[in-house]
Amino acid sequence: MRWLLTRVLAGLAALAVLLVGAAALLGYQFTGEPAPWAASQGADAAWVGSWEDTGALDALLTTGGVNTLYVYAGDIGADGSVEREPGTADLLSWLAAEHPDVRALAWLRHVTEGSSLVRDRFDEEAGATLAAGAAEVAADGFAGLHLEIRPVTVNDPSVPDLMGVVREALGEDAVFSVQAQHVELVPGGRVPSFVTEGEEKYWSAGYLDRVTEHADEVVLPGVGADMPMDVLYGGFMVRQVTEGVGALADRDEVTVRFGLPAHTSGDWGPVEDTESIGTALTGIRLGMTRVEPPEGMTLGVALYVADEADAEDLAAYTAGWLLS
């Protein structure tokens with residue numbers, strides 16, 4: 001018993017050292033001044049969950065920084081079936097009339113719980129069903145597809161395979177956007193989270209590259225970081241940029257976006273006090289300054305979600321990213 005207790009305490013001590021080291025790393029990352037060029041490239045996006053009132057969305061689009069919307073178009077079942085969200089045609093009509101230069105992608109999501117380490121997230125039959133259904137939705141007035149599937153465990157082979165099948169079903173003319181999970185802050189850093197939470201919060205850089213191989217656009221979320229302090233959240237966003245850009249640096253042409261927390265209702269995920277648009281943008285700009293993205297890579301941000309963004313969020317986006 002004493003031997004076991006000693007081993008447990010040693011393990012806890014090692015974990016504590018790891019956490020302290022990670023906190024120090026993140027705090028250090030969130031220092032310095034971003035370069036003047038590290039700002040909007042006019043290729044930003046926003047998720048849209050509701051469109052009964054388009055006031056907040058209209059205010060955001062009027063800034064001119066957002067050219068893409070991920071319009072909630074339905075949920076994906078475990079068998080790959082797609083349950084459509086009604087009324088998307090109304091928003092598409094509004095966009096065509098009021099903001100014709102903004103393209104809309106069909107946002108389909110599969111959000112569940114647990115690991116896909118032992119059982120793949122989608123088997124071959126479910127993947128074929130999903131690909132066909134997603135292509136049908138995307139062709140219904142949208143410019144393409146934005147796909148969100150989580151959580152997915154690193155090395156689950158079904159999801160990279162699925163992305164290839166979806167790409168083929170969409171065709172080459174449609175825009176294919178993939179929402180990734182957070183990339184691990186340091187190599188191997190995903191393991192403690194997986195052990196304690198029982199599901200994968202982080203992806204390795206290599207798995208991020210594999211999953212998004214067929215995507216035109218990749219989105220790394222800026223919410224759900226679970227950082228206890230805003231300075232750590234800022235450092236977290238710096239690392240998302242440097243690690244994410246590094247993982248995808250060999251792509252010929254790709255757009256990479258980083259999420260901004262603008263959700264307030266909790267309908268689309270937990271609201272965390274330490275996460276703000278201002279802190280996220282400072283972290284993103286610092287990350288861009290340090291990594292210097294390669295030619296052919298376009299960087300942007302994406303507001304989560306546009307219909308819940310208030311005037312304070314809009315002011316933070318305008319001042320911190322559009323620099324106006």
# chains A, B, ... in the order shown; residues from 1 in each chain; ligands from 1
>>> residues_around(residues="stretch 212-225 of chain A", least_positions_apart="2", cutoff="7 Å", atoms="only C-alpha atoms", output="PyMOL selection string")
chain A and resi 163-164+167+175-182+208-210+227+233+254-261+270
>>> write_last_selection(atoms="C-alpha atoms", output="mmCIF file, in the first residue's frame")
data_model
loop_
_atom_site.group_PDB
_atom_site.id
_atom_site.type_symbol
_atom_site.label_atom_id
_atom_site.label_comp_id
_atom_site.auth_asym_id
_atom_site.auth_seq_id
_atom_site.Cartn_x
_atom_site.Cartn_y
_atom_site.Cartn_z
ATOM 1 C CA MET A 163 -13.031 14.341 -44.965
ATOM 2 C CA GLY A 164 -11.822 12.819 -48.217
ATOM 3 C CA ARG A 167 -14.597 16.549 -50.361
ATOM 4 C CA VAL A 175 -15.758 25.691 -50.376
ATOM 5 C CA PHE A 176 -14.915 23.108 -47.716
ATOM 6 C CA SER A 177 -14.262 24.448 -44.221
ATOM 7 C CA VAL A 178 -13.319 22.178 -41.299
ATOM 8 C CA GLN A 179 -13.559 23.140 -37.655
ATOM 9 C CA ALA A 180 -10.670 21.552 -35.793
ATOM 10 C CA GLN A 181 -10.099 21.031 -32.090
ATOM 11 C CA HIS A 182 -7.515 22.983 -30.144
ATOM 12 C CA LEU A 208 -4.595 18.498 -37.485
ATOM 13 C CA ASP A 209 -2.760 18.298 -40.804
ATOM 14 C CA ARG A 210 -4.257 14.866 -41.612
ATOM 15 C CA MET A 227 -7.808 28.784 -18.723
ATOM 16 C CA TYR A 233 -6.045 32.527 -22.178
ATOM 17 C CA VAL A 254 -5.299 27.585 -47.292
ATOM 18 C CA THR A 255 -7.226 29.979 -45.082
ATOM 19 C CA VAL A 256 -6.756 29.522 -41.342
ATOM 20 C CA ARG A 257 -9.058 31.264 -38.897
ATOM 21 C CA PHE A 258 -9.091 31.524 -35.119
ATOM 22 C CA GLY A 259 -12.280 31.757 -33.101
ATOM 23 C CA LEU A 260 -13.332 34.742 -31.009
ATOM 24 C CA PRO A 261 -15.713 34.344 -28.020
ATOM 25 C CA PRO A 270 -20.035 27.273 -21.898
#
>>> residues_around(residues="stretch 106-112 of chain A", least_positions_apart="3", cutoff="6 Å", atoms="only C-alpha atoms", output="PyMOL selection string")
chain A and resi 70-76+138+145-150
>>> write_last_selection(atoms="N, CA and C atoms", output="PDB file, in the first residue's frame")
ATOM      1  N   TYR A  70     -20.775  31.008 -41.359  1.00  0.00           N
ATOM      2  CA  TYR A  70     -21.104  29.609 -41.135  1.00  0.00           C
ATOM      3  C   TYR A  70     -22.529  29.572 -40.584  1.00  0.00           C
ATOM      4  N   VAL A  71     -23.466  29.284 -41.446  1.00  0.00           N
ATOM      5  CA  VAL A  71     -24.885  29.353 -41.091  1.00  0.00           C
ATOM      6  C   VAL A  71     -25.346  27.985 -40.576  1.00  0.00           C
ATOM      7  N   TYR A  72     -25.851  27.956 -39.353  1.00  0.00           N
ATOM      8  CA  TYR A  72     -26.282  26.690 -38.764  1.00  0.00           C
ATOM      9  C   TYR A  72     -27.367  26.064 -39.638  1.00  0.00           C
ATOM     10  N   ALA A  73     -27.048  24.902 -40.211  1.00  0.00           N
ATOM     11  CA  ALA A  73     -27.945  24.258 -41.169  1.00  0.00           C
ATOM     12  C   ALA A  73     -28.423  22.889 -40.712  1.00  0.00           C
ATOM     13  N   GLY A  74     -27.929  22.403 -39.563  1.00  0.00           N
ATOM     14  CA  GLY A  74     -28.441  21.127 -39.082  1.00  0.00           C
ATOM     15  C   GLY A  74     -27.442  20.349 -38.256  1.00  0.00           C
ATOM     16  N   ASP A  75     -27.957  19.278 -37.648  1.00  0.00           N
ATOM     17  CA  ASP A  75     -27.145  18.388 -36.821  1.00  0.00           C
ATOM     18  C   ASP A  75     -26.927  17.058 -37.536  1.00  0.00           C
ATOM     19  N   ILE A  76     -25.804  16.425 -37.219  1.00  0.00           N
ATOM     20  CA  ILE A  76     -25.438  15.137 -37.800  1.00  0.00           C
ATOM     21  C   ILE A  76     -25.621  14.058 -36.740  1.00  0.00           C
ATOM     22  N   ALA A 138     -25.293  21.547 -48.699  1.00  0.00           N
ATOM     23  CA  ALA A 138     -24.404  22.599 -49.188  1.00  0.00           C
ATOM     24  C   ALA A 138     -24.829  23.131 -50.549  1.00  0.00           C
ATOM     25  N   LEU A 145     -19.513  24.138 -47.442  1.00  0.00           N
ATOM     26  CA  LEU A 145     -19.809  23.446 -46.192  1.00  0.00           C
ATOM     27  C   LEU A 145     -18.805  23.811 -45.109  1.00  0.00           C
ATOM     28  N   HIS A 146     -19.321  24.008 -43.896  1.00  0.00           N
ATOM     29  CA  HIS A 146     -18.480  24.128 -42.702  1.00  0.00           C
ATOM     30  C   HIS A 146     -18.841  22.972 -41.784  1.00  0.00           C
ATOM     31  N   LEU A 147     -17.879  22.094 -41.519  1.00  0.00           N
ATOM     32  CA  LEU A 147     -18.140  20.842 -40.811  1.00  0.00           C
ATOM     33  C   LEU A 147     -17.507  20.863 -39.431  1.00  0.00           C
ATOM     34  N   GLU A 148     -18.345  20.607 -38.424  1.00  0.00           N
ATOM     35  CA  GLU A 148     -17.891  20.543 -37.031  1.00  0.00           C
ATOM     36  C   GLU A 148     -18.220  19.163 -36.467  1.00  0.00           C
ATOM     37  N   ILE A 149     -17.196  18.407 -36.105  1.00  0.00           N
ATOM     38  CA  ILE A 149     -17.369  17.086 -35.505  1.00  0.00           C
ATOM     39  C   ILE A 149     -16.468  17.016 -34.277  1.00  0.00           C
ATOM     40  N   ARG A 150     -17.035  16.838 -33.102  1.00  0.00           N
ATOM     41  CA  ARG A 150     -16.225  16.770 -31.880  1.00  0.00           C
ATOM     42  C   ARG A 150     -16.989  16.049 -30.764  1.00  0.00           C
TER      43      ARG A 150
END
>>> select_by_dssp(residues="stretch 56-275 of chain A", states="strand (DSSP E or B)", output="ChimeraX atom specification")
/A:66-76,82-84,103-111,144-150,175-179,182-183,202-203,217-220,254-261
>>> write_last_selection(atoms="C-alpha atoms", output="PDB file, in the first residue's frame")
ATOM      1  CA  VAL A  66     -16.214  39.510 -42.602  1.00  0.00           C
ATOM      2  CA  ASN A  67     -16.578  37.746 -45.942  1.00  0.00           C
ATOM      3  CA  THR A  68     -17.824  34.303 -44.811  1.00  0.00           C
ATOM      4  CA  LEU A  69     -20.663  33.081 -42.603  1.00  0.00           C
ATOM      5  CA  TYR A  70     -21.104  29.609 -41.135  1.00  0.00           C
ATOM      6  CA  VAL A  71     -24.885  29.353 -41.091  1.00  0.00           C
ATOM      7  CA  TYR A  72     -26.282  26.690 -38.764  1.00  0.00           C
ATOM      8  CA  ALA A  73     -27.945  24.258 -41.169  1.00  0.00           C
ATOM      9  CA  GLY A  74     -28.441  21.127 -39.082  1.00  0.00           C
ATOM     10  CA  ASP A  75     -27.145  18.388 -36.821  1.00  0.00           C
ATOM     11  CA  ILE A  76     -25.438  15.137 -37.800  1.00  0.00           C
ATOM     12  CA  VAL A  82     -28.425  15.045 -41.343  1.00  0.00           C
ATOM     13  CA  GLU A  83     -31.355  16.737 -39.614  1.00  0.00           C
ATOM     14  CA  ARG A  84     -31.938  20.004 -41.453  1.00  0.00           C
ATOM     15  CA  ARG A 103     -20.690  34.014 -48.861  1.00  0.00           C
ATOM     16  CA  ALA A 104     -22.571  31.539 -46.679  1.00  0.00           C
ATOM     17  CA  LEU A 105     -21.385  28.024 -45.819  1.00  0.00           C
ATOM     18  CA  ALA A 106     -23.738  25.397 -44.412  1.00  0.00           C
ATOM     19  CA  TRP A 107     -22.660  24.719 -40.821  1.00  0.00           C
ATOM     20  CA  LEU A 108     -23.356  21.086 -39.924  1.00  0.00           C
ATOM     21  CA  ARG A 109     -22.368  19.852 -36.480  1.00  0.00           C
ATOM     22  CA  HIS A 110     -21.982  16.596 -34.609  1.00  0.00           C
ATOM     23  CA  VAL A 111     -21.282  17.267 -30.931  1.00  0.00           C
ATOM     24  CA  GLY A 144     -20.020  25.245 -49.520  1.00  0.00           C
ATOM     25  CA  LEU A 145     -19.809  23.446 -46.192  1.00  0.00           C
ATOM     26  CA  HIS A 146     -18.480  24.128 -42.702  1.00  0.00           C
ATOM     27  CA  LEU A 147     -18.140  20.842 -40.811  1.00  0.00           C
ATOM     28  CA  GLU A 148     -17.891  20.543 -37.031  1.00  0.00           C
ATOM     29  CA  ILE A 149     -17.369  17.086 -35.505  1.00  0.00           C
ATOM     30  CA  ARG A 150     -16.225  16.770 -31.880  1.00  0.00           C
ATOM     31  CA  VAL A 175     -15.758  25.691 -50.376  1.00  0.00           C
ATOM     32  CA  PHE A 176     -14.915  23.108 -47.716  1.00  0.00           C
ATOM     33  CA  SER A 177     -14.262  24.448 -44.221  1.00  0.00           C
ATOM     34  CA  VAL A 178     -13.319  22.178 -41.299  1.00  0.00           C
ATOM     35  CA  GLN A 179     -13.559  23.140 -37.655  1.00  0.00           C
ATOM     36  CA  HIS A 182      -7.515  22.983 -30.144  1.00  0.00           C
ATOM     37  CA  VAL A 183      -3.986  22.057 -31.171  1.00  0.00           C
ATOM     38  CA  TYR A 202      -6.423  18.697 -28.108  1.00  0.00           C
ATOM     39  CA  TRP A 203      -5.142  17.456 -31.442  1.00  0.00           C
ATOM     40  CA  GLU A 217     -10.347  26.558 -44.856  1.00  0.00           C
ATOM     41  CA  VAL A 218      -9.473  25.504 -41.303  1.00  0.00           C
ATOM     42  CA  VAL A 219     -10.894  26.989 -38.119  1.00  0.00           C
ATOM     43  CA  LEU A 220      -9.276  26.605 -34.708  1.00  0.00           C
ATOM     44  CA  VAL A 254      -5.299  27.585 -47.292  1.00  0.00           C
ATOM     45  CA  THR A 255      -7.226  29.979 -45.082  1.00  0.00           C
ATOM     46  CA  VAL A 256      -6.756  29.522 -41.342  1.00  0.00           C
ATOM     47  CA  ARG A 257      -9.058  31.264 -38.897  1.00  0.00           C
ATOM     48  CA  PHE A 258      -9.091  31.524 -35.119  1.00  0.00           C
ATOM     49  CA  GLY A 259     -12.280  31.757 -33.101  1.00  0.00           C
ATOM     50  CA  LEU A 260     -13.332  34.742 -31.009  1.00  0.00           C
ATOM     51  CA  PRO A 261     -15.713  34.344 -28.020  1.00  0.00           C
TER      52      PRO A 261
END
>>> residues_around(residues="A:Glu124", least_positions_apart="3", cutoff="9 Å", atoms="only C-alpha atoms", output="VMD selection string")
chain A and resid 127 to 129 158 161 to 162
>>> atom_distance(atom1="atom CA of A:Ser265", atom2="atom CA of A:Val305")
10.0 Å
>>> atom_distance(atom1="atom CA of A:Leu185", atom2="atom CA of A:Phe236")
7.4 Å
>>> atom_distance(atom1="atom CA of A:Val137", atom2="atom CA of A:Asn155")
28.3 Å
>>> residues_around(residues="A:Asp250", least_positions_apart="3", cutoff="12 Å", atoms="only C-alpha atoms", output="list in words")
Gly206, Asp209, Glu213, Gly244, Val245, Gly246, Ala247, Glu253, Val254, Pro293, Pro294, Glu295, Gly296 and Met297 of chain A
>>> write_last_selection(atoms="C-alpha atoms", output="compact mmCIF listing (two decimals), in the first residue's frame")
# COMPACT_ATOMS: atom_id res chain seq x y z
CA GLY A 206 0.22 16.00 -37.27
CA ASP A 209 -2.76 18.30 -40.80
CA GLU A 213 -5.83 17.77 -45.79
CA GLY A 244 -1.65 25.80 -35.99
CA VAL A 245 0.22 27.78 -38.63
CA GLY A 246 3.28 25.56 -38.18
CA ALA A 247 1.18 22.42 -38.69
CA GLU A 253 -3.33 27.63 -50.54
CA VAL A 254 -5.30 27.58 -47.29
CA PRO A 293 2.72 32.86 -41.93
CA PRO A 294 3.99 31.50 -45.25
CA GLU A 295 3.01 32.90 -48.63
CA GLY A 296 -0.25 31.36 -49.78
CA MET A 297 -1.72 31.16 -46.28
>>> select_by_dssp(residues="stretch 104-262 of chain A", states="helix (DSSP H, G or I)", output="ChimeraX atom specification")
/A:124-138,158-170,190-197,205-211,230-247
>>> closest_residue(among="A:Gly42, A:Gly171, A:Gly235, A:Pro86", to="A:Gly64", atoms="only C-alpha atoms")
A:Gly42
>>> closest_residue(among="A:Ile277, A:Ala262, A:Val48, A:Met237", to="A:Thr318", atoms="only C-alpha atoms")
A:Ile277
>>> closest_residue(among="A:Gln240, A:Ser276, A:Thr289, A:Thr298", to="A:Ala38", atoms="only C-alpha atoms")
A:Thr289
>>> residues_around(residues="A:Trp51", least_positions_apart="6", cutoff="10 Å", atoms="only C-alpha atoms", output="VMD selection string")
chain A and resid 57 71 to 72 87 to 88 90 to 91 94 306 to 307
>>> closest_residue(among="A:His99, A:Thr242, A:Gly234, A:Val152", to="A:Tyr207", atoms="only C-alpha atoms")
A:Val152
>>> residues_around(residues="A:Trp268", least_positions_apart="4", cutoff="9 Å", atoms="only C-alpha atoms", output="VMD selection string")
chain A and resid 49 263 to 264 304 to 305
>>> write_last_selection(atoms="N, CA and C atoms", output="PDB file, in the first residue's frame")
ATOM      1  N   GLY A  49     -26.077  31.330 -35.540  1.00  0.00           N
ATOM      2  CA  GLY A  49     -26.941  30.297 -34.995  1.00  0.00           C
ATOM      3  C   GLY A  49     -28.420  30.613 -35.119  1.00  0.00           C
ATOM      4  N   HIS A 263     -20.233  34.523 -27.728  1.00  0.00           N
ATOM      5  CA  HIS A 263     -21.481  33.878 -27.322  1.00  0.00           C
ATOM      6  C   HIS A 263     -21.790  34.230 -25.864  1.00  0.00           C
ATOM      7  N   THR A 264     -23.056  34.434 -25.579  1.00  0.00           N
ATOM      8  CA  THR A 264     -23.463  34.854 -24.239  1.00  0.00           C
ATOM      9  C   THR A 264     -24.545  33.966 -23.635  1.00  0.00           C
ATOM     10  N   TYR A 304     -17.763  33.804 -32.683  1.00  0.00           N
ATOM     11  CA  TYR A 304     -18.612  32.705 -32.223  1.00  0.00           C
ATOM     12  C   TYR A 304     -19.501  33.232 -31.085  1.00  0.00           C
ATOM     13  N   VAL A 305     -20.775  33.571 -31.364  1.00  0.00           N
ATOM     14  CA  VAL A 305     -21.497  33.560 -32.627  1.00  0.00           C
ATOM     15  C   VAL A 305     -21.965  34.977 -32.929  1.00  0.00           C
TER      16      VAL A 305
END
>>> closest_residue(among="A:Ala35, A:Val159, A:Val241, A:Ala131", to="A:Gly287", atoms="only C-alpha atoms")
A:Val241
